[in-house]
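Dropping query.csv in here (CSV, N, CA, C and O atoms):
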chain,number,residue,atom,x,y,z
X,25,MET,N,9.7,-9.0,7.3
X,25,MET,CA,8.8,-10.0,6.8
X,25,MET,C,8.2,-9.5,5.5
X,25,MET,O,7.9,-8.3,5.3
X,26,VAL,N,8.1,-10.4,4.5
X,26,VAL,CA,7.4,-10.2,3.2
X,26,VAL,C,6.1,-11.0,3.2
X,26,VAL,O,6.2,-12.2,3.4
X,27,VAL,N,5.0,-10.3,2.9
X,27,VAL,CA,3.7,-11.0,2.8
X,27,VAL,C,3.4,-11.0,1.3
X,27,VAL,O,3.2,-9.9,0.7
X,28,THR,N,3.3,-12.2,0.8
X,28,THR,CA,3.0,-12.3,-0.7
X,28,THR,C,1.5,-12.8,-0.8
X,28,THR,O,1.0,-13.4,0.2
X,29,LYS,N,0.9,-12.5,-1.9
X,29,LYS,CA,-0.4,-13.0,-2.2
X,29,LYS,C,-1.5,-12.6,-1.2
X,29,LYS,O,-2.4,-13.3,-1.0
X,30,LEU,N,-1.3,-11.4,-0.7
X,30,LEU,CA,-2.4,-10.8,0.2
X,30,LEU,C,-3.7,-10.8,-0.6
X,30,LEU,O,-4.8,-11.1,0.0
X,31,ASP,N,-3.7,-10.6,-1.9
X,31,ASP,CA,-4.9,-10.6,-2.7
X,31,ASP,C,-5.7,-11.9,-2.7
X,31,ASP,O,-6.9,-11.8,-2.9
X,32,VAL,N,-5.1,-13.0,-2.4
X,32,VAL,CA,-5.9,-14.2,-2.4
X,32,VAL,C,-6.8,-14.3,-1.2
X,32,VAL,O,-7.7,-15.1,-1.1
X,33,LEU,N,-6.6,-13.4,-0.2
X,33,LEU,CA,-7.5,-13.3,1.0
X,33,LEU,C,-8.6,-12.4,0.8
X,33,LEU,O,-9.5,-12.2,1.7
X,34,ASP,N,-8.7,-11.7,-0.4
X,34,ASP,CA,-9.6,-10.6,-0.6
X,34,ASP,C,-11.1,-11.0,-0.4
X,34,ASP,O,-11.9,-10.2,-0.1
X,35,ASP,N,-11.4,-12.3,-0.7
X,35,ASP,CA,-12.8,-12.7,-0.6
X,35,ASP,C,-13.2,-13.4,0.7
X,35,ASP,O,-14.3,-13.9,0.8
X,36,GLN,N,-12.3,-13.5,1.6
X,36,GLN,CA,-12.5,-14.2,2.8
X,36,GLN,C,-13.2,-13.3,3.9
X,36,GLN,O,-12.8,-12.2,4.1
X,37,GLU,N,-14.3,-13.9,4.5
X,37,GLU,CA,-15.0,-13.1,5.5
X,37,GLU,C,-14.2,-13.1,6.8
X,37,GLU,O,-14.4,-12.2,7.6
X,38,GLU,N,-13.5,-14.2,7.1
X,38,GLU,CA,-12.7,-14.3,8.3
X,38,GLU,C,-11.3,-14.8,7.9
X,38,GLU,O,-11.2,-15.6,6.9
X,39,ILE,N,-10.3,-14.4,8.6
X,39,ILE,CA,-8.9,-14.9,8.4
X,39,ILE,C,-8.4,-15.4,9.7
X,39,ILE,O,-8.4,-14.7,10.7
X,40,LYS,N,-7.9,-16.7,9.7
X,40,LYS,CA,-7.4,-17.2,10.9
X,40,LYS,C,-5.8,-17.1,10.9
X,40,LYS,O,-5.2,-17.4,9.8
X,41,ILE,N,-5.3,-16.8,12.0
X,41,ILE,CA,-3.8,-16.8,12.2
X,41,ILE,C,-3.5,-17.8,13.2
X,41,ILE,O,-4.0,-17.7,14.4
X,42,CYS,N,-2.7,-18.7,12.9
X,42,CYS,CA,-2.2,-19.7,13.9
X,42,CYS,C,-1.0,-19.0,14.6
X,42,CYS,O,0.0,-18.7,14.0
X,43,TYR,N,-1.2,-18.8,15.9
X,43,TYR,CA,-0.2,-18.1,16.7
X,43,TYR,C,0.5,-19.0,17.7
X,43,TYR,O,1.5,-18.6,18.3
X,44,ALA,N,0.0,-20.2,17.9
X,44,ALA,CA,0.6,-21.2,18.8
X,44,ALA,C,0.1,-22.6,18.6
X,44,ALA,O,-0.8,-22.8,17.7
X,45,TYR,N,0.6,-23.5,19.3
X,45,TYR,CA,0.1,-24.9,19.2
X,45,TYR,C,-0.1,-25.4,20.6
X,45,TYR,O,0.6,-25.0,21.6
X,46,GLU,N,-1.1,-26.3,20.8
X,46,GLU,CA,-1.3,-26.9,22.0
X,46,GLU,C,-0.8,-28.4,21.9
X,46,GLU,O,-1.1,-29.1,21.0
X,47,TYR,N,0.1,-28.7,22.9
X,47,TYR,CA,0.7,-30.0,22.9
X,47,TYR,C,0.7,-30.5,24.3
X,47,TYR,O,1.2,-29.9,25.2
X,48,GLU,N,0.0,-31.6,24.4
X,48,GLU,CA,-0.1,-32.3,25.7
X,48,GLU,C,-0.6,-31.4,26.8
X,48,GLU,O,0.0,-31.3,27.9
X,49,GLY,N,-1.6,-30.5,26.5
X,49,GLY,CA,-2.2,-29.6,27.5
X,49,GLY,C,-1.4,-28.4,27.7
X,49,GLY,O,-1.8,-27.5,28.5
X,50,LYS,N,-0.3,-28.2,27.0
X,50,LYS,CA,0.5,-27.0,27.2
X,50,LYS,C,0.5,-26.2,25.8
X,50,LYS,O,0.5,-26.8,24.8
X,51,GLN,N,0.6,-24.9,25.9
X,51,GLN,CA,0.7,-24.1,24.7
X,51,GLN,C,2.2,-23.9,24.4
X,51,GLN,O,3.0,-23.5,25.3
X,52,ILE,N,2.6,-24.1,23.2
X,52,ILE,CA,3.9,-23.8,22.7
X,52,ILE,C,3.8,-22.7,21.6
X,52,ILE,O,2.9,-22.8,20.8
X,53,ASP,N,4.7,-21.8,21.7
X,53,ASP,CA,4.6,-20.6,20.8
X,53,ASP,C,5.5,-20.7,19.6
X,53,ASP,O,5.5,-19.8,18.8
X,54,GLU,N,6.2,-21.8,19.4
X,54,GLU,CA,7.1,-21.9,18.2
X,54,GLU,C,6.7,-23.2,17.5
X,54,GLU,O,6.2,-24.1,18.1
X,55,PHE,N,6.9,-23.2,16.2
X,55,PHE,CA,6.6,-24.3,15.3
X,55,PHE,C,7.5,-25.5,15.8
X,55,PHE,O,8.7,-25.4,16.0
X,56,PRO,N,6.9,-26.6,16.1
X,56,PRO,CA,7.6,-27.8,16.6
X,56,PRO,C,8.7,-28.3,15.6
X,56,PRO,O,8.4,-28.4,14.4
X,57,SER,N,9.9,-28.5,16.1
X,57,SER,CA,11.0,-29.0,15.2
X,57,SER,C,10.9,-30.5,15.0
X,57,SER,O,11.5,-31.0,14.1
X,58,SER,N,10.1,-31.2,15.8
X,58,SER,CA,10.0,-32.6,15.7
X,58,SER,C,8.7,-33.0,15.1
X,58,SER,O,7.6,-32.5,15.5
X,59,LEU,N,8.7,-33.9,14.1
X,59,LEU,CA,7.5,-34.3,13.4
X,59,LEU,C,6.6,-35.1,14.4
X,59,LEU,O,5.4,-35.1,14.4
X,60,ALA,N,7.2,-35.9,15.3
X,60,ALA,CA,6.5,-36.6,16.3
X,60,ALA,C,5.7,-35.7,17.2
X,60,ALA,O,4.5,-36.0,17.6
X,61,VAL,N,6.3,-34.6,17.6
X,61,VAL,CA,5.6,-33.6,18.4
X,61,VAL,C,4.5,-32.9,17.6
X,61,VAL,O,3.3,-32.8,18.0
X,62,LEU,N,4.8,-32.5,16.3
X,62,LEU,CA,3.9,-31.8,15.5
X,62,LEU,C,2.6,-32.6,15.2
X,62,LEU,O,1.5,-32.1,15.2
X,63,GLU,N,2.8,-33.9,15.1
X,63,GLU,CA,1.6,-34.8,14.9
X,63,GLU,C,0.6,-34.8,16.0
X,63,GLU,O,-0.6,-35.0,15.8
X,64,LYS,N,1.1,-34.4,17.2
X,64,LYS,CA,0.2,-34.4,18.4
X,64,LYS,C,-0.2,-33.0,18.7
X,64,LYS,O,-0.9,-32.8,19.7
X,65,CYS,N,0.1,-32.0,17.9
X,65,CYS,CA,-0.2,-30.6,18.2
X,65,CYS,C,-1.6,-30.3,17.6
X,65,CYS,O,-2.0,-30.8,16.5
X,66,GLN,N,-2.2,-29.3,18.2
X,66,GLN,CA,-3.4,-28.7,17.7
X,66,GLN,C,-3.1,-27.2,17.5
X,66,GLN,O,-2.6,-26.6,18.5
X,67,PRO,N,-3.4,-26.7,16.4
X,67,PRO,CA,-3.2,-25.2,16.2
X,67,PRO,C,-4.1,-24.4,17.1
X,67,PRO,O,-5.2,-24.8,17.3
X,68,VAL,N,-3.6,-23.3,17.5
X,68,VAL,CA,-4.4,-22.3,18.3
X,68,VAL,C,-4.5,-21.1,17.4
X,68,VAL,O,-3.5,-20.5,16.9
X,69,TYR,N,-5.7,-20.7,17.0
X,69,TYR,CA,-6.0,-19.7,16.1
X,69,TYR,C,-6.6,-18.4,16.7
X,69,TYR,O,-7.3,-18.5,17.7
X,70,GLU,N,-6.3,-17.3,16.1
X,70,GLU,CA,-6.9,-16.0,16.3
X,70,GLU,C,-7.7,-15.7,15.0
X,70,GLU,O,-7.1,-15.8,14.0
X,71,THR,N,-8.9,-15.4,15.1
X,71,THR,CA,-9.7,-15.1,14.0
X,71,THR,C,-9.9,-13.6,13.8
X,71,THR,O,-10.4,-12.9,14.8
X,72,LEU,N,-9.6,-13.1,12.7
X,72,LEU,CA,-9.8,-11.7,12.4
X,72,LEU,C,-10.8,-11.5,11.2
X,72,LEU,O,-10.9,-12.4,10.4
X,73,PRO,N,-11.5,-10.4,11.2
X,73,PRO,CA,-12.4,-10.1,10.1
X,73,PRO,C,-11.7,-9.9,8.8
X,73,PRO,O,-10.6,-9.3,8.8
X,74,GLY,N,-12.2,-10.4,7.7
X,74,GLY,CA,-11.7,-10.2,6.4
X,74,GLY,C,-12.0,-8.8,5.9
X,74,GLY,O,-12.7,-8.0,6.6
X,75,TRP,N,-11.7,-8.5,4.6
X,75,TRP,CA,-12.0,-7.2,4.1
X,75,TRP,C,-12.9,-7.3,2.8
X,75,TRP,O,-13.5,-6.3,2.5
X,76,CYS,N,-13.1,-8.5,2.3
X,76,CYS,CA,-14.0,-8.7,1.2
X,76,CYS,C,-14.1,-7.6,0.1
X,76,CYS,O,-15.1,-7.1,-0.3
X,77,CYS,N,-12.9,-7.2,-0.3
X,77,CYS,CA,-12.8,-6.2,-1.4
X,77,CYS,C,-11.4,-6.4,-2.1
X,77,CYS,O,-10.5,-7.0,-1.5
X,78,ASP,N,-11.3,-5.9,-3.3
X,78,ASP,CA,-10.1,-6.1,-4.1
X,78,ASP,C,-9.0,-5.2,-3.6
X,78,ASP,O,-9.1,-4.0,-3.5
X,79,THR,N,-7.8,-5.8,-3.4
X,79,THR,CA,-6.6,-5.1,-3.0
X,79,THR,C,-5.6,-4.9,-4.2
X,79,THR,O,-4.6,-4.2,-4.0
X,80,THR,N,-5.9,-5.5,-5.3
X,80,THR,CA,-4.9,-5.5,-6.4
X,80,THR,C,-4.6,-4.1,-6.9
X,80,THR,O,-3.5,-3.9,-7.5
X,81,GLY,N,-5.5,-3.2,-6.7
X,81,GLY,CA,-5.2,-1.8,-7.2
X,81,GLY,C,-4.5,-1.0,-6.2
X,81,GLY,O,-4.1,0.2,-6.4
X,82,CYS,N,-4.3,-1.5,-5.0
X,82,CYS,CA,-3.6,-0.7,-3.9
X,82,CYS,C,-2.1,-0.6,-4.2
X,82,CYS,O,-1.5,-1.6,-4.6
X,83,ARG,N,-1.5,0.6,-4.1
X,83,ARG,CA,-0.1,0.8,-4.3
X,83,ARG,C,0.6,1.4,-3.1
X,83,ARG,O,1.8,1.6,-3.1
X,84,SER,N,-0.1,1.5,-2.0
X,84,SER,CA,0.5,1.9,-0.7
X,84,SER,C,-0.2,1.3,0.4
X,84,SER,O,-1.4,0.8,0.3
X,85,PHE,N,0.5,1.2,1.5
X,85,PHE,CA,-0.2,0.6,2.7
X,85,PHE,C,-1.4,1.4,3.1
X,85,PHE,O,-2.4,0.8,3.5
X,86,GLU,N,-1.4,2.7,2.9
X,86,GLU,CA,-2.6,3.5,3.3
X,86,GLU,C,-3.8,3.2,2.4
X,86,GLU,O,-4.9,3.4,2.9
X,87,GLU,N,-3.6,2.7,1.2
X,87,GLU,CA,-4.7,2.4,0.3
X,87,GLU,C,-5.4,1.1,0.6
X,87,GLU,O,-6.5,0.8,0.1
X,88,LEU,N,-4.7,0.2,1.4
X,88,LEU,CA,-5.3,-1.1,1.7
X,88,LEU,C,-6.5,-0.9,2.6
X,88,LEU,O,-6.7,0.0,3.3
X,89,PRO,N,-7.5,-1.9,2.5
X,89,PRO,CA,-8.7,-1.8,3.3
X,89,PRO,C,-8.3,-1.9,4.8
X,89,PRO,O,-7.2,-2.4,5.1
X,90,GLU,N,-9.1,-1.3,5.6
X,90,GLU,CA,-8.7,-1.1,7.1
X,90,GLU,C,-8.5,-2.5,7.7
X,90,GLU,O,-7.5,-2.7,8.5
X,91,ASN,N,-9.3,-3.5,7.4
X,91,ASN,CA,-9.1,-4.8,8.0
X,91,ASN,C,-7.8,-5.5,7.5
X,91,ASN,O,-7.2,-6.3,8.2
X,92,ALA,N,-7.4,-5.2,6.2
X,92,ALA,CA,-6.1,-5.8,5.7
X,92,ALA,C,-5.0,-5.1,6.5
X,92,ALA,O,-4.0,-5.8,6.8
X,93,LYS,N,-5.0,-3.9,6.8
X,93,LYS,CA,-4.0,-3.2,7.5
X,93,LYS,C,-4.0,-3.8,9.0
X,93,LYS,O,-2.9,-4.0,9.5
X,94,LYS,N,-5.1,-4.0,9.6
X,94,LYS,CA,-5.2,-4.6,10.9
X,94,LYS,C,-4.6,-6.0,10.9
X,94,LYS,O,-3.9,-6.4,11.8
X,95,TYR,N,-4.9,-6.8,9.8
X,95,TYR,CA,-4.3,-8.1,9.7
X,95,TYR,C,-2.8,-8.1,9.7
X,95,TYR,O,-2.1,-8.8,10.4
X,96,LEU,N,-2.2,-7.2,8.8
X,96,LEU,CA,-0.8,-7.1,8.7
X,96,LEU,C,-0.1,-6.6,10.0
X,96,LEU,O,0.9,-7.1,10.4
X,97,LYS,N,-0.8,-5.6,10.7
X,97,LYS,CA,-0.3,-5.1,12.0
X,97,LYS,C,-0.3,-6.2,13.0
X,97,LYS,O,0.6,-6.3,13.9
X,98,ARG,N,-1.3,-7.1,13.0
X,98,ARG,CA,-1.4,-8.2,13.9
X,98,ARG,C,-0.3,-9.2,13.7
X,98,ARG,O,0.2,-9.8,14.6
X,99,LEU,N,0.0,-9.5,12.4
X,99,LEU,CA,1.1,-10.4,12.1
X,99,LEU,C,2.4,-9.8,12.7
X,99,LEU,O,3.2,-10.6,13.2
X,100,GLU,N,2.6,-8.5,12.6
X,100,GLU,CA,3.7,-7.9,13.2
X,100,GLU,C,3.8,-8.1,14.7
X,100,GLU,O,4.8,-8.4,15.3
X,101,GLU,N,2.6,-7.9,15.4
X,101,GLU,CA,2.6,-8.0,16.8
X,101,GLU,C,2.9,-9.4,17.2
X,101,GLU,O,3.6,-9.6,18.2
X,102,ILE,N,2.3,-10.4,16.6
X,102,ILE,CA,2.5,-11.8,16.9
X,102,ILE,C,3.9,-12.2,16.7
X,102,ILE,O,4.6,-12.9,17.5
X,103,SER,N,4.5,-11.8,15.6
X,103,SER,CA,5.8,-12.3,15.2
X,103,SER,C,7.0,-11.5,15.7
X,103,SER,O,8.1,-11.9,15.9
X,104,GLY,N,6.7,-10.2,16.1
X,104,GLY,CA,7.7,-9.3,16.5
X,104,GLY,C,8.6,-8.8,15.4
X,104,GLY,O,9.7,-8.3,15.6
X,105,VAL,N,8.1,-8.9,14.1
X,105,VAL,CA,8.9,-8.6,13.0
X,105,VAL,C,8.0,-7.6,12.1
X,105,VAL,O,6.8,-7.8,12.0
X,106,GLN,N,8.7,-6.6,11.5
X,106,GLN,CA,7.9,-5.6,10.7
X,106,GLN,C,7.6,-6.3,9.4
X,106,GLN,O,8.4,-7.1,8.8
X,107,VAL,N,6.4,-6.0,8.9
X,107,VAL,CA,6.0,-6.4,7.5
X,107,VAL,C,6.6,-5.3,6.6
X,107,VAL,O,6.1,-4.1,6.6
X,108,SER,N,7.6,-5.6,5.9
X,108,SER,CA,8.3,-4.6,5.1
X,108,SER,C,7.8,-4.5,3.6
X,108,SER,O,7.7,-3.4,3.0
X,109,ILE,N,7.3,-5.6,3.1
X,109,ILE,CA,6.9,-5.7,1.7
X,109,ILE,C,5.6,-6.5,1.7
X,109,ILE,O,5.4,-7.5,2.3
X,110,VAL,N,4.6,-6.0,0.9
X,110,VAL,CA,3.3,-6.7,0.8
X,110,VAL,C,3.0,-6.8,-0.7
X,110,VAL,O,3.0,-5.7,-1.4
X,111,ALA,N,2.8,-8.0,-1.2
X,111,ALA,CA,2.4,-8.1,-2.6
X,111,ALA,C,0.9,-8.4,-2.7
X,111,ALA,O,0.4,-9.2,-2.0
X,112,VAL,N,0.3,-7.6,-3.6
X,112,VAL,CA,-1.2,-7.7,-3.8
X,112,VAL,C,-1.5,-8.2,-5.2
X,112,VAL,O,-2.6,-8.1,-5.7
X,113,GLY,N,-0.5,-8.8,-5.9
X,113,GLY,CA,-0.7,-9.4,-7.2
X,113,GLY,C,0.7,-9.8,-7.7
X,113,GLY,O,1.7,-9.6,-7.1
X,114,PRO,N,0.7,-10.5,-8.9
X,114,PRO,CA,1.9,-11.1,-9.4
X,114,PRO,C,2.8,-10.1,-10.1
X,114,PRO,O,4.0,-10.4,-10.3
X,115,ASP,N,2.4,-8.9,-10.5
X,115,ASP,CA,3.2,-8.0,-11.2
X,115,ASP,C,4.0,-7.1,-10.3
X,115,ASP,O,3.7,-6.9,-9.1
X,116,ARG,N,5.2,-6.7,-10.8
X,116,ARG,CA,6.1,-5.9,-10.0
X,116,ARG,C,5.5,-4.7,-9.4
X,116,ARG,O,5.7,-4.3,-8.2
X,117,GLN,N,4.6,-4.0,-10.1
X,117,GLN,CA,4.0,-2.8,-9.7
X,117,GLN,C,2.9,-3.1,-8.6
X,117,GLN,O,2.3,-2.2,-8.0
X,118,GLU,N,2.6,-4.3,-8.4
X,118,GLU,CA,1.6,-4.7,-7.4
X,118,GLU,C,2.3,-5.1,-6.0
X,118,GLU,O,1.8,-5.9,-5.3
X,119,THR,N,3.5,-4.5,-5.8
X,119,THR,CA,4.2,-4.7,-4.6
X,119,THR,C,4.3,-3.4,-3.9
X,119,THR,O,4.7,-2.4,-4.4
X,120,ILE,N,3.9,-3.5,-2.6
X,120,ILE,CA,3.9,-2.3,-1.7
X,120,ILE,C,5.2,-2.5,-0.8
X,120,ILE,O,5.3,-3.4,-0.1
X,121,VAL,N,6.1,-1.5,-0.9
X,121,VAL,CA,7.2,-1.4,-0.1
X,121,VAL,C,6.9,-0.5,1.1
X,121,VAL,O,6.8,0.7,0.9
X,122,ARG,N,6.7,-1.1,2.2
X,122,ARG,CA,6.3,-0.3,3.4
X,122,ARG,C,7.5,0.2,4.2
X,122,ARG,O,7.6,1.3,4.6
X,123,HIS,N,8.5,-0.7,4.4
X,123,HIS,CA,9.7,-0.4,5.0
X,123,HIS,C,10.8,-1.0,4.2
X,123,HIS,O,11.0,-2.2,4.1
X,124,PRO,N,11.6,-0.1,3.5
X,124,PRO,CA,12.7,-0.7,2.6
X,124,PRO,C,13.6,-1.6,3.4
X,124,PRO,O,14.0,-1.2,4.6
X,125,ILE,N,14.0,-2.7,2.9
X,125,ILE,CA,14.9,-3.6,3.6
X,125,ILE,C,16.3,-3.5,3.1
X,125,ILE,O,17.2,-4.2,3.7
X,126,PHE,N,16.5,-2.8,2.0
X,126,PHE,CA,17.9,-2.7,1.5
X,126,PHE,C,18.3,-1.2,1.5
X,126,PHE,O,17.5,-0.3,1.3

In structure tokens, how does this file's structure come out?
Amino acid sequence: MVVTKLDVLDDQEEIKICYAYEYEGKQIDEFPSSLAVLEKCQPVYETLPGWCCDTTGCRSFEELPENAKKYLKRLEEISGVQVSIVAVGPDRQETIVRHPIF
């Protein structure tokens, strides 16, 4: 997984992750493929604390604020996929390669 624009979350006190949907009283864990079903879904969120500090100077995963690292690790847990690359700004040097994919 590649996470871009992590820096746009820098000023958020809380960050919500939609990890499922409720549809007709049942929880579904995948994005609905039908628009008719999606219209009747309610997102199910997990709320994590934000980090409220600048990440654009970070050049390694270890330099990220602790709550940013917890957010990325939680994305991995929910999705079952490693976060390999994290972008903390628009410039090439603002890209953290955590697990090379090539």

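Near stretch 108-112 of chain X, within 7 Å and counting only C-alpha atoms, sit Met25, Val26, Val27, Thr28, Lys29, Leu30, Asp31, Thr79, Thr80, Glu118, Thr119, Ile120, Val121, Arg122, His123, Pro124 and Ile125 of chain X; same-chain residues fewer than 4 positions away were not included.
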
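Counting from atom CA of X:Val68, the distance to atom CA of X:Lys50 is 11.2 Å.
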
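Taking only N, CA, C and O atoms, the non-local environment of X:Cys65 within 8 Å (same-chain residues fewer than 6 positions away omitted) comprises Ala44, Tyr45, Glu46, Tyr47, Glu48, Lys50, Ser58 and Leu59 of chain X.
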
Å distance separating atom CA of X:Val107 from atom O of X:Pro89, one decimal place | 14.0 Å

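Here atom C of X:Gln66 and atom CA of X:Ser103 stand 17.5 Å from one another.
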